[in-house]
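Participant: Sharing start10.pdb below, PDB, C-alpha atoms, pLDDT in the B column:
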ATOM      1  CA  MET A  79      35.364   8.250  53.829  1.00 47.00           C
ATOM      2  CA  ALA A  80      32.776   5.491  53.756  1.00 53.00           C
ATOM      3  CA  GLY A  81      33.739   2.022  52.584  1.00 51.00           C
ATOM      4  CA  PRO A  82      31.970   0.016  49.925  1.00 52.00           C
ATOM      5  CA  PRO A  83      28.288  -0.704  50.565  1.00 58.00           C
ATOM      6  CA  GLU A  84      27.462  -3.813  52.538  1.00 71.00           C
ATOM      7  CA  ARG A  85      26.830  -6.809  50.284  1.00 85.00           C
ATOM      8  CA  ARG A  86      23.441  -8.238  51.186  1.00 91.00           C
ATOM      9  CA  THR A  87      22.790 -11.989  51.126  1.00 96.00           C
ATOM     10  CA  ASP A  88      19.196 -12.110  52.386  1.00 96.00           C
ATOM     11  CA  LEU A  89      17.801 -14.243  49.552  1.00 98.00           C
ATOM     12  CA  THR A  90      20.961 -16.337  49.286  1.00 98.00           C
ATOM     13  CA  ASP A  91      20.783 -17.194  52.992  1.00 98.00           C
ATOM     14  CA  LEU A  92      17.046 -17.842  52.925  1.00 98.00           C
ATOM     15  CA  VAL A  93      17.305 -20.231  49.962  1.00 98.00           C
ATOM     16  CA  ARG A  94      20.317 -22.101  51.333  1.00 97.00           C
ATOM     17  CA  ASN A  95      18.853 -22.484  54.825  1.00 98.00           C
ATOM     18  CA  ARG A  96      15.366 -23.463  53.695  1.00 98.00           C
ATOM     19  CA  ARG A  97      16.649 -25.946  51.114  1.00 98.00           C
ATOM     20  CA  SER A  98      18.728 -27.543  53.860  1.00 97.00           C
ATOM     21  CA  GLU A  99      15.700 -27.665  56.215  1.00 98.00           C
ATOM     22  CA  LEU A 100      13.670 -29.409  53.516  1.00 98.00           C
ATOM     23  CA  GLY A 101      16.523 -31.819  52.699  1.00 98.00           C
ATOM     24  CA  LEU A 102      16.431 -30.944  48.998  1.00 98.00           C
ATOM     25  CA  SER A 103      19.233 -31.140  46.483  1.00 97.00           C
ATOM     26  CA  LEU A 104      19.760 -28.162  44.189  1.00 97.00           C
ATOM     27  CA  ARG A 105      18.294 -30.163  41.304  1.00 97.00           C
ATOM     28  CA  LYS A 106      15.229 -31.211  43.301  1.00 98.00           C
ATOM     29  CA  LEU A 107      14.589 -27.612  44.343  1.00 98.00           C
ATOM     30  CA  ALA A 108      14.884 -26.475  40.727  1.00 98.00           C
ATOM     31  CA  GLU A 109      12.290 -29.109  39.721  1.00 98.00           C
ATOM     32  CA  ARG A 110       9.880 -27.814  42.372  1.00 98.00           C
ATOM     33  CA  CYS A 111      10.187 -24.149  41.353  1.00 98.00           C
ATOM     34  CA  VAL A 112       7.025 -23.855  39.285  1.00 98.00           C
ATOM     35  CA  ASP A 113       5.067 -20.600  39.146  1.00 98.00           C
ATOM     36  CA  PRO A 114       1.646 -21.463  40.623  1.00 98.00           C
ATOM     37  CA  GLU A 115       0.057 -18.921  38.268  1.00 97.00           C
ATOM     38  CA  ALA A 116       1.526 -20.676  35.200  1.00 97.00           C
ATOM     39  CA  PRO A 117       2.020 -24.329  36.149  1.00 97.00           C
ATOM     40  CA  ASP A 118       1.983 -25.510  32.530  1.00 97.00           C
ATOM     41  CA  ALA A 119       5.249 -23.635  31.972  1.00 96.00           C
ATOM     42  CA  GLY A 120       6.984 -26.125  34.273  1.00 97.00           C
ATOM     43  CA  PRO A 121      10.014 -25.331  36.422  1.00 97.00           C
ATOM     44  CA  ILE A 122      11.444 -21.888  35.737  1.00 97.00           C
ATOM     45  CA  TRP A 123      14.538 -21.970  37.957  1.00 97.00           C
ATOM     46  CA  LYS A 124      17.608 -23.754  36.651  1.00 97.00           C
ATOM     47  CA  TYR A 125      19.958 -25.767  38.830  1.00 96.00           C
ATOM     48  CA  ALA A 126      22.887 -23.572  37.767  1.00 97.00           C
ATOM     49  CA  VAL A 127      21.159 -20.327  38.782  1.00 97.00           C
ATOM     50  CA  ILE A 128      20.192 -21.643  42.222  1.00 98.00           C
ATOM     51  CA  ASN A 129      23.743 -22.930  42.627  1.00 98.00           C
ATOM     52  CA  ARG A 130      25.188 -19.506  41.739  1.00 97.00           C
ATOM     53  CA  LEU A 131      22.742 -17.779  44.082  1.00 97.00           C
ATOM     54  CA  GLU A 132      23.627 -20.052  47.000  1.00 97.00           C
ATOM     55  CA  ARG A 133      27.346 -19.634  46.368  1.00 96.00           C
ATOM     56  CA  GLY A 134      27.015 -15.840  46.390  1.00 93.00           C
ATOM     57  CA  LEU A 135      27.951 -15.481  42.741  1.00 95.00           C
ATOM     58  CA  PRO A 136      26.315 -12.823  40.562  1.00 94.00           C
ATOM     59  CA  VAL A 137      22.810 -13.587  39.310  1.00 96.00           C
ATOM     60  CA  ILE A 138      20.217 -11.394  37.663  1.00 96.00           C
ATOM     61  CA  ALA A 139      17.565 -10.182  40.086  1.00 96.00           C
ATOM     62  CA  PRO A 140      14.558 -12.497  39.798  1.00 97.00           C
ATOM     63  CA  ILE A 141      11.253 -11.236  38.424  1.00 97.00           C
ATOM     64  CA  VAL A 142       7.844 -11.812  40.007  1.00 97.00           C
ATOM     65  CA  PRO A 143       7.034 -15.167  38.326  1.00 98.00           C
ATOM     66  CA  GLU A 144      10.452 -16.457  39.404  1.00 98.00           C
ATOM     67  CA  LEU A 145       9.837 -15.265  42.965  1.00 98.00           C
ATOM     68  CA  ARG A 146       6.452 -17.024  43.020  1.00 98.00           C
ATOM     69  CA  ALA A 147       8.088 -20.203  41.723  1.00 98.00           C
ATOM     70  CA  LEU A 148      10.857 -20.005  44.298  1.00 98.00           C
ATOM     71  CA  ALA A 149       8.306 -19.469  47.080  1.00 98.00           C
ATOM     72  CA  ALA A 150       6.411 -22.542  45.878  1.00 98.00           C
ATOM     73  CA  GLY A 151       9.573 -24.634  45.648  1.00 98.00           C
ATOM     74  CA  LEU A 152      10.686 -23.640  49.135  1.00 98.00           C
ATOM     75  CA  GLN A 153       7.162 -23.811  50.588  1.00 98.00           C
ATOM     76  CA  LEU A 154       7.433 -20.276  51.954  1.00 98.00           C
ATOM     77  CA  PRO A 155       5.143 -17.241  51.763  1.00 97.00           C
ATOM     78  CA  LEU A 156       5.741 -15.112  48.677  1.00 96.00           C
ATOM     79  CA  GLY A 157       6.126 -11.997  50.838  1.00 93.00           C
ATOM     80  CA  LEU A 158       9.105 -13.526  52.634  1.00 95.00           C
ATOM     81  CA  ILE A 159      10.814 -14.283  49.319  1.00 97.00           C
ATOM     82  CA  GLN A 160      10.014 -10.795  47.982  1.00 95.00           C
ATOM     83  CA  ASP A 161      11.397  -9.129  51.114  1.00 94.00           C
ATOM     84  CA  ALA A 162      14.639 -11.114  50.903  1.00 96.00           C
ATOM     85  CA  ALA A 163      15.053 -10.407  47.169  1.00 97.00           C
ATOM     86  CA  GLY A 164      14.300  -6.704  47.631  1.00 94.00           C
ATOM     87  CA  ALA A 165      16.908  -6.471  50.362  1.00 94.00           C
ATOM     88  CA  GLN A 166      19.606  -8.415  48.520  1.00 96.00           C
ATOM     89  CA  PHE A 167      19.224  -6.965  45.048  1.00 95.00           C
ATOM     90  CA  PHE A 168      17.952  -3.445  45.733  1.00 93.00           C
ATOM     91  CA  GLY A 169      18.833  -2.620  49.349  1.00 91.00           C
ATOM     92  CA  ILE A 170      15.135  -2.263  50.208  1.00 93.00           C
ATOM     93  CA  ASP A 171      14.085  -3.286  53.704  1.00 90.00           C
ATOM     94  CA  SER A 172      10.488  -4.047  54.677  1.00 89.00           C
ATOM     95  CA  VAL A 173       9.640  -2.388  57.967  1.00 89.00           C
ATOM     96  CA  TRP A 174       6.385  -3.205  59.739  1.00 86.00           C
ATOM     97  CA  SER A 175       4.646  -1.066  62.328  1.00 84.00           C
ATOM     98  CA  ASP A 176       4.390  -2.407  65.850  1.00 83.00           C
ATOM     99  CA  GLU A 177       0.702  -3.097  65.218  1.00 83.00           C
ATOM    100  CA  GLY A 178       1.495  -4.933  61.967  1.00 82.00           C
ATOM    101  CA  ASP A 179      -0.957  -2.851  59.950  1.00 83.00           C
ATOM    102  CA  VAL A 180       1.490  -0.540  58.154  1.00 84.00           C
ATOM    103  CA  ARG A 181       4.421  -1.617  56.011  1.00 86.00           C
ATOM    104  CA  ALA A 182       7.095   0.674  54.627  1.00 88.00           C
ATOM    105  CA  LEU A 183       9.732  -0.185  52.039  1.00 89.00           C
ATOM    106  CA  VAL A 184      12.817   1.739  53.082  1.00 91.00           C
ATOM    107  CA  HIS A 185      16.136   1.909  51.270  1.00 90.00           C
ATOM    108  CA  ASP A 186      18.975   0.804  53.586  1.00 87.00           C
ATOM    109  CA  TYR A 187      16.868   0.890  56.766  1.00 90.00           C
ATOM    110  CA  ARG A 188      19.368  -1.409  58.495  1.00 86.00           C
ATOM    111  CA  SER A 189      22.189   1.083  57.954  1.00 89.00           C
ATOM    112  CA  MET A 190      20.219   4.043  59.373  1.00 91.00           C
ATOM    113  CA  SER A 191      21.038   5.406  62.787  1.00 94.00           C
ATOM    114  CA  PRO A 192      18.685   4.347  65.583  1.00 94.00           C
ATOM    115  CA  GLU A 193      17.338   7.892  65.602  1.00 96.00           C
ATOM    116  CA  ASP A 194      16.505   7.786  61.885  1.00 94.00           C
ATOM    117  CA  GLN A 195      14.941   4.341  62.257  1.00 92.00           C
ATOM    118  CA  GLU A 196      12.731   5.748  65.006  1.00 92.00           C
ATOM    119  CA  ARG A 197      11.716   8.631  62.700  1.00 93.00           C
ATOM    120  CA  VAL A 198      10.577   6.092  60.107  1.00 92.00           C
ATOM    121  CA  ARG A 199       8.615   4.228  62.772  1.00 91.00           C
ATOM    122  CA  ASP A 200       7.047   7.525  63.955  1.00 90.00           C
ATOM    123  CA  LEU A 201       5.881   8.225  60.389  1.00 90.00           C
ATOM    124  CA  MET A 202       4.389   4.756  60.217  1.00 89.00           C
ATOM    125  CA  ARG A 203       2.571   5.218  63.553  1.00 88.00           C
ATOM    126  CA  THR A 204       1.182   8.571  62.379  1.00 88.00           C
ATOM    127  CA  TRP A 205       0.102   7.071  59.052  1.00 85.00           C
ATOM    128  CA  GLY A 206      -1.624   4.182  60.811  1.00 82.00           C
ATOM    129  CA  GLN A 207      -3.422   6.503  63.252  1.00 84.00           C
ATOM    130  CA  ASN A 208      -4.580   8.821  60.435  1.00 82.00           C
ATOM    131  CA  ARG A 209      -5.783   5.872  58.368  1.00 79.00           C
ATOM    132  CA  ALA A 210      -7.697   4.442  61.316  1.00 78.00           C
ATOM    133  CA  ALA A 211      -9.351   7.810  62.040  1.00 81.00           C
ATOM    134  CA  LYS A 212     -10.755   8.175  58.497  1.00 77.00           C
ATOM    135  CA  PRO A 213     -14.013   6.535  57.423  1.00 70.00           C
ATOM    136  CA  HIS A 214     -13.711   3.282  55.480  1.00 61.00           C
ATOM    137  CA  GLY A 215     -12.268   3.891  52.025  1.00 54.00           C
ATOM    138  CA  GLY A 216      -9.963   6.686  53.208  1.00 50.00           C
ATOM    139  CA  GLU A 217     -12.407   9.468  52.315  1.00 50.00           C
ATOM    140  CA  GLY A 218     -13.361  12.227  54.658  1.00 45.00           C
TER     141      GLY A 218
END
Could you render the structure from this file as structure tokens?
Facilitator:
Amino acid sequence: MAGPPERRTDLTDLVRNRRSELGLSLRKLAERCVDPEAPDAGPIWKYAVINRLERGLPVIAPIVPELRALAAGLQLPLGLIQDAAGAQFFGIDSVWSDEGDVRALVHDYRSMSPEDQERVRDLMRTWGQNRAAKPHGGEG
């Protein structure tokens, strides 16, 4: 019988480590977390929520404006923040092809057997080859 699912901390770890690298307090990070698409709204992350996230306590999964604000506050690419949040809150892993031109979002990729992981990568290689063989726009 399988045990409980692994508790993911991808976003928690990313936030804690990056905040430490930048030498920011929790309050200073919260002040910097402004959605670049709605700067007039001001900071949208609260000190208490970042504190709970870093301590591994339950928080509601952030929505896209919150992820953009967190990326801005941490000075990281939005995709990195989205990948970490997807993994932690939904068990979704981003898997990139070896060529870096195909990305798959796979539920619990890390817990798959090496054989199943290779099957996913084979699908991605095939998809990339088929896409490259078609005329621009995917028609043909």
Participant: Suppose you want the space between atom CA of Ile170 of chain A and atom CA of Leu152 of chain A; what is it in Å?
Facilitator: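 Computed distance, atom CA of Ile170 of chain A to atom CA of Leu152 of chain A, equals 21.9 Å.
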Participant: The PyMOL selection byres ((chain A and resi 147) around 6) - which residues does that actually catch in the file I just gave you? List them as JSON, numbers by chain.
Facilitator: {"A": [111, 112, 113, 144, 145, 146, 148, 149, 150]}
Participant: For segment 185-202 of chain A, find every residue with an atom within 7 Å (counting only C-alpha atoms), except residues of its own chain fewer than 4 positions away, and show them as a PyMOL selection string.
Facilitator: chain A and resi 169-171+175+180+206
Participant: Is there a way to get, as JSON, numbers by chain, all residues within 12 Å of the point (28.1, -14.8, 43.6) in file coordinates, counting only C-alpha atoms?
Facilitator: {"A": [85, 86, 87, 89, 90, 126, 127, 128, 129, 130, 131, 132, 133, 134, 135, 136, 137, 138, 166, 167]}
Participant: Quote the spacing between atom CA of Asp179 of chain A and atom CA of Leu154 of chain A in Å to one decimal place.
Facilitator: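 We find that atom CA of Asp179 of chain A and atom CA of Leu154 of chain A lie 20.9 Å from each other.
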Participant: In Å, how far is it from atom CA of Leu100 of chain A to atom CA of Ala163 of chain A?
Facilitator: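 Separation between atom CA of Leu100 of chain A and atom CA of Ala163 of chain A: 20.1 Å.
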Participant: What do you get, as an MDAnalysis selection string, if you spell out every residue that the PyMOL selection byres ((chain A and resi 105) around 9) selects here?
Facilitator: chainID A and resid 102:104 106:110 124:126 128
Participant: Would you kindly translate the PyMOL selection byres ((chain A and resi 182) around 6) into the concrete residues it picks from this file, as number ranges by chain?
Facilitator: A: 172-173, 181, 183
Participant: I need the residue nearest Gln153 of chain A from this list: A:Arg97, A:Phe168, A:Asn208, A:Glu115. Use all atoms listed in the file for the distance.
Facilitator: A:Arg97
Participant: Take the point (6.8, -12.3, 44.1) as written in the file and pick out every residue within 7 Å of it, counting all atoms listed in the file; give the list as a PyMOL selection string.
Facilitator: chain A and resi 142-143+145-146+156-157+159-160
